[in-house]
Amino acid sequence: MYSPMKTHLQPANHPELWAGFECTVNRVGDRYLDQLELSGHAHRESDLELLRDLGVKAVRYPVVWERTAPDPAQEGDWSWSDRRLNKIRELGIMPIVGLLHHGSGPRHTNLLDPKFPELLAQYAAKVAERYPWVDAYTPVNEPLTTARFSCLYGHWYPHEKNDAAFFRALINQCRATVLAMREIRKINPRARLIQTEDLGKTHSTAQLEYQAEFENERRWLSLDLLCGRVDKDHPLREYLNKFGVTDDDLAWFRSNRCPPDIMGFNYYLSSERFIDHRVEEYTGCAIGGNGREPYVDIEAARILKDGIDGAGGLLREAWQRYGLPLAITELHNGCTREEQARWFVEQYESASALLSEGIDLRAITAWALLGSFYWNTLVTREGNYEPGVYDLRADRPLPTIMVKVLRELAEGRIPDEPFLKSPGWWQKSSRHIYGVCYSPRIEKIEAPSASLRDKKAPPILIAGRGTLGNAFARICNERGLDYQLLSRAQMDIADVQSVNAAVNRWHPWAIVNAAGYARVDDAELESEQCWRENTNGPAVLAAICESRGIKLLSFSSDLVFDGNKSSPYLESDPVRPLNVYGRSKAEAERAVLMLSPSALIVRTSAFFGPWDEANFITATLNALARGHEVTTVSDYVISPTYVPDLVHTSLDLLINGAQGVWHLANRGAITWSELAMTAARMGGITTARLSHSRNCQWISTAVRPRYSVLGSERANFMPSLEDALTRYFAHADLQWRKSAPIVDTDMESGLAA
């Protein structure tokens, strides 16, 4: 005998918090792309403990057909799902078991196979027999989306591109859902169907209203089929008939109605689209069409003057159409940490408002818990990793700010993080990147307003108006993080009264220390001044931040090391500085963490960036382009750091609440000479006037480590040096670009003989 688990599927006075693991197993040609393998969750049962820490009530969890029983001649391997489902049960969390997630099934079938529905139903019966206590299922995730991607656009197997294949794939998946639930309910009559689908909507210009109306009717088609609503009066009936869906097919669904117990909708910023026939307004934007006229298809948030409908508006439409219980079963914004939090909280508040209206909305789901892979390529080839609630670029899943946000929402409280008081990019006029916006009410395109008034939010104080401080100001502005960039006159970090006055005036939630003494050679003769700026100043900031509950981010250097290693320095390696500057930084680290253990210290090295001319790469390129002789050092190995990467990653760590010492430098070890040669070649500049020296001590006062490459034992956040250099050349405003290009014909080695 088994005891049925409390299902957590009853209405509440605020939405429950659910979670989910990205578990797509899609096929491209003969290759399967498995998100559980890519994330490592396939081999990390300990990830399930994260669910308890978040306070979630339910989890969308895979027992995916392709992984569990790929060979029809064999029983299948249930050991993986046995351990994990039992663990979820022990945690007191309800599993919503998914059987097919953007997949086409094992190799012996596919979405167009007439036997596909019965084969999936047979697998569903095996799952229910093995786990009779599981009360919630999603046999097929997003059948409409999967049919589009596989059989209308041809991205996934079986790679068809026609309406007939699209509709057949959709019919097969919906029929499979009905038959699967029938088999499951033979074993567990309580089993509920949590059917997921994309919560999309198409907006358009008046000329394309007919196309928008078609797409907005089509978006409900999978749910209409399951609910038995596609009859002779359905708006798409003739269209279905035209492409091979017979009236008998449709009658079968009316005779075998299987309405979802909960309609689960997956919502992203990209879910709402805008189509516009005025293609000339969108320079550089891909042009598509419907065979009748060309148009662009872009995120509606970029165009609509009054903004998108949001989850609240679209869920209200679903409620009015079906009157069935609702849930948001995927919610995520692939953006910066603070934008992820803003998006989730905004949709949570919308869901809560629907509940107050009497709409039966059960839950909102954090998706994906561990992030996702390759969705920037639509999972057709290798691509980017997008962090979720946890970030997998660390030695173990690293909590992001979303953990704190979700814990509070799970308790029915709205988080009060300072950056949540500012609007997301989708609410600002700056979202109109094409220079136009559209208002359906006046049916015309017009220039967007100059600005929108942001909510008042506590700022970040940025100390120091040099390269790093200015970069922080620029990127905080891009990310919608309120800030104040302060000169030494406005806040002298080594003066207690000056710092207290600045804090009293601006009431910051964080301070970024981008100030300090940076002249390494001069520090040998000006040690007192160096010590004041680099050691005393950070100590003052640490003491004040600790006493006032303010987060502190301060910077250190690779020069705290002696260079005797031959492999990258890690955060735990002992510091042994060789010069005054390095000693001032090492002592600052010790003092800051003693005074404020929660402080964040970032060690970095060899800045280069697109916004200043003083860094090594820009200065070298400009000098070579002007025909000057340049000597570089060929036997000192470093790890250069692209300033935008450093600032973005540092802000992410600050927002996530990271503490202690972290190493941030772009991945790669290179000498100064190799760096100069590489940059010159990428820039198309001759290296004929570039010479190399094997020892920098003859041109410097301070002793430097010959090897100071930074690695990390904590995380692998930073892109490669090659990637950073590519982006540097895409964005830097280099002097020599204003004249005729200089062709590089010198191919000598970067190392001097």
# chains A, B, ... in the order shown; residues from 1 in each chain; ligands from 1
>>> residues_around(residues="A:Lys115", least_positions_apart="2", cutoff="12 Å", atoms="only C-alpha atoms", output="PyMOL selection string")
chain A and resi 105+108-113+117-122+169+172-173+175-176+179
>>> residues_around(residues="A:Tyr131", least_positions_apart="5", cutoff="10 Å", atoms="only C-alpha atoms", output="ChimeraX atom specification")
/A:2,81-82,85-86,125-126,187-188
>>> residues_around(residues="stretch 630-637 of chain A", least_positions_apart="6", cutoff="9 Å", atoms="only C-alpha atoms", output="JSON, numbers by chain")
{"A": [620, 623, 624, 669, 670, 671, 672, 673, 674, 676, 689, 690, 691, 692, 693, 694, 695, 696, 704, 705, 706, 707, 708, 709, 750, 751, 752]}
>>> write_last_selection(atoms="N, CA, C and O atoms", output="short mmCIF file (atom, residue, chain, number, x, y, z; two decimals), in the first residue's frame")
data_model
loop_
_atom_site.label_atom_id
_atom_site.label_comp_id
_atom_site.auth_asym_id
_atom_site.auth_seq_id
_atom_site.Cartn_x
_atom_site.Cartn_y
_atom_site.Cartn_z
N THR A 620 49.28 50.60 -27.39
CA THR A 620 50.21 49.93 -28.32
C THR A 620 49.72 50.03 -29.75
O THR A 620 50.49 50.36 -30.68
N ALA A 623 50.10 53.59 -31.05
CA ALA A 623 51.50 53.93 -31.30
C ALA A 623 52.01 53.25 -32.58
O ALA A 623 52.66 53.88 -33.42
N LEU A 624 51.71 51.97 -32.75
CA LEU A 624 52.15 51.27 -33.96
C LEU A 624 51.51 51.87 -35.21
O LEU A 624 52.16 52.00 -36.26
N ALA A 669 46.59 32.51 -20.81
CA ALA A 669 47.90 32.97 -20.33
C ALA A 669 48.70 33.45 -21.53
O ALA A 669 48.79 32.76 -22.55
N ILE A 670 49.30 34.65 -21.40
CA ILE A 670 49.96 35.25 -22.55
C ILE A 670 51.02 36.23 -22.06
O ILE A 670 50.88 36.82 -20.99
N THR A 671 52.10 36.39 -22.81
CA THR A 671 53.09 37.40 -22.45
C THR A 671 52.64 38.75 -23.00
O THR A 671 51.78 38.84 -23.87
N TRP A 672 53.26 39.81 -22.50
CA TRP A 672 52.95 41.14 -23.01
C TRP A 672 53.25 41.23 -24.50
O TRP A 672 52.50 41.83 -25.27
N SER A 673 54.35 40.60 -24.92
CA SER A 673 54.70 40.63 -26.35
C SER A 673 53.68 39.89 -27.19
O SER A 673 53.26 40.36 -28.26
N GLU A 674 53.27 38.71 -26.73
CA GLU A 674 52.26 37.95 -27.47
C GLU A 674 50.95 38.71 -27.54
O GLU A 674 50.25 38.68 -28.56
N ALA A 676 50.58 41.98 -27.54
CA ALA A 676 50.74 43.06 -28.52
C ALA A 676 50.68 42.52 -29.94
O ALA A 676 50.02 43.10 -30.81
N ARG A 689 57.49 47.52 -36.38
CA ARG A 689 58.14 48.40 -35.39
C ARG A 689 57.93 47.91 -33.96
O ARG A 689 58.16 48.65 -33.01
N LEU A 690 57.48 46.67 -33.82
CA LEU A 690 57.28 46.09 -32.49
C LEU A 690 58.48 45.23 -32.14
O LEU A 690 58.81 44.28 -32.84
N SER A 691 59.19 45.57 -31.07
CA SER A 691 60.35 44.79 -30.63
C SER A 691 60.06 44.19 -29.25
O SER A 691 59.11 44.57 -28.58
N HIS A 692 60.93 43.26 -28.83
CA HIS A 692 60.66 42.50 -27.63
C HIS A 692 61.88 42.49 -26.72
O HIS A 692 63.01 42.45 -27.18
N SER A 693 61.60 42.48 -25.42
CA SER A 693 62.66 42.39 -24.42
C SER A 693 62.35 41.21 -23.50
O SER A 693 61.18 40.95 -23.20
N ARG A 694 63.39 40.54 -23.04
CA ARG A 694 63.18 39.37 -22.19
C ARG A 694 63.19 39.73 -20.71
O ARG A 694 63.06 38.86 -19.87
N ASN A 695 63.32 40.97 -20.35
CA ASN A 695 63.30 41.35 -18.93
C ASN A 695 62.84 42.78 -18.80
O ASN A 695 63.44 43.68 -19.38
N CYS A 696 61.78 42.99 -18.04
CA CYS A 696 61.25 44.35 -17.92
C CYS A 696 61.94 45.14 -16.83
O CYS A 696 61.68 46.33 -16.67
N ARG A 704 58.46 42.82 -10.45
CA ARG A 704 57.18 42.22 -10.78
C ARG A 704 57.31 40.71 -10.91
O ARG A 704 58.38 40.20 -11.28
N PRO A 705 56.25 39.97 -10.62
CA PRO A 705 56.29 38.51 -10.80
C PRO A 705 56.35 38.16 -12.29
O PRO A 705 55.66 38.76 -13.10
N ARG A 706 57.20 37.19 -12.62
CA ARG A 706 57.31 36.79 -14.03
C ARG A 706 56.09 35.97 -14.49
O ARG A 706 55.85 35.86 -15.69
N TYR A 707 55.36 35.43 -13.56
CA TYR A 707 54.15 34.67 -13.89
C TYR A 707 53.07 35.08 -12.90
O TYR A 707 53.21 34.87 -11.69
N SER A 708 52.00 35.69 -13.38
CA SER A 708 50.94 36.13 -12.48
C SER A 708 49.55 35.84 -13.06
O SER A 708 48.61 36.62 -12.88
N VAL A 709 49.44 34.73 -13.76
CA VAL A 709 48.16 34.35 -14.36
C VAL A 709 47.17 33.99 -13.25
O VAL A 709 47.51 33.27 -12.31
N GLY A 750 55.77 36.04 -31.85
CA GLY A 750 55.59 37.03 -30.80
C GLY A 750 56.70 36.99 -29.78
O GLY A 750 56.83 37.91 -28.98
N LEU A 751 57.51 35.93 -29.75
CA LEU A 751 58.59 35.84 -28.77
C LEU A 751 59.91 36.26 -29.41
O LEU A 751 60.25 35.80 -30.49
N ALA A 752 60.62 37.13 -28.72
CA ALA A 752 61.93 37.55 -29.23
C ALA A 752 62.93 36.41 -29.09
O ALA A 752 62.82 35.56 -28.22
#
>>> residues_around(residues="A:Lys585", least_positions_apart="4", cutoff="12 Å", atoms="only C-alpha atoms", output="VMD selection string")
chain A and resid 516 to 518 520 523 530 to 539 554 to 561 575 to 581 589 to 592 601 to 604
>>> residues_around(residues="A:Gly412", least_positions_apart="5", cutoff="12 Å", atoms="only C-alpha atoms", output="ChimeraX atom specification")
/A:12-17,55-56,345,348-349,352,363-364,405-407
>>> select_by_dssp(residues="stretch 360-415 of chain A", states="strand (DSSP E)", output="list in words")
Leu361, Arg362, Ala363, Ile364, Thr365, Ala366, Trp367, Ser372, Phe373, Tyr385, Glu386, Tyr390, Asp391, Leu398 and Pro399 of chain A
>>> residues_around(residues="A:Ala128", least_positions_apart="2", cutoff="12 Å", atoms="only C-alpha atoms", output="PyMOL selection string")
chain A and resi 63+97-99+121-126+130-137+139+180-191
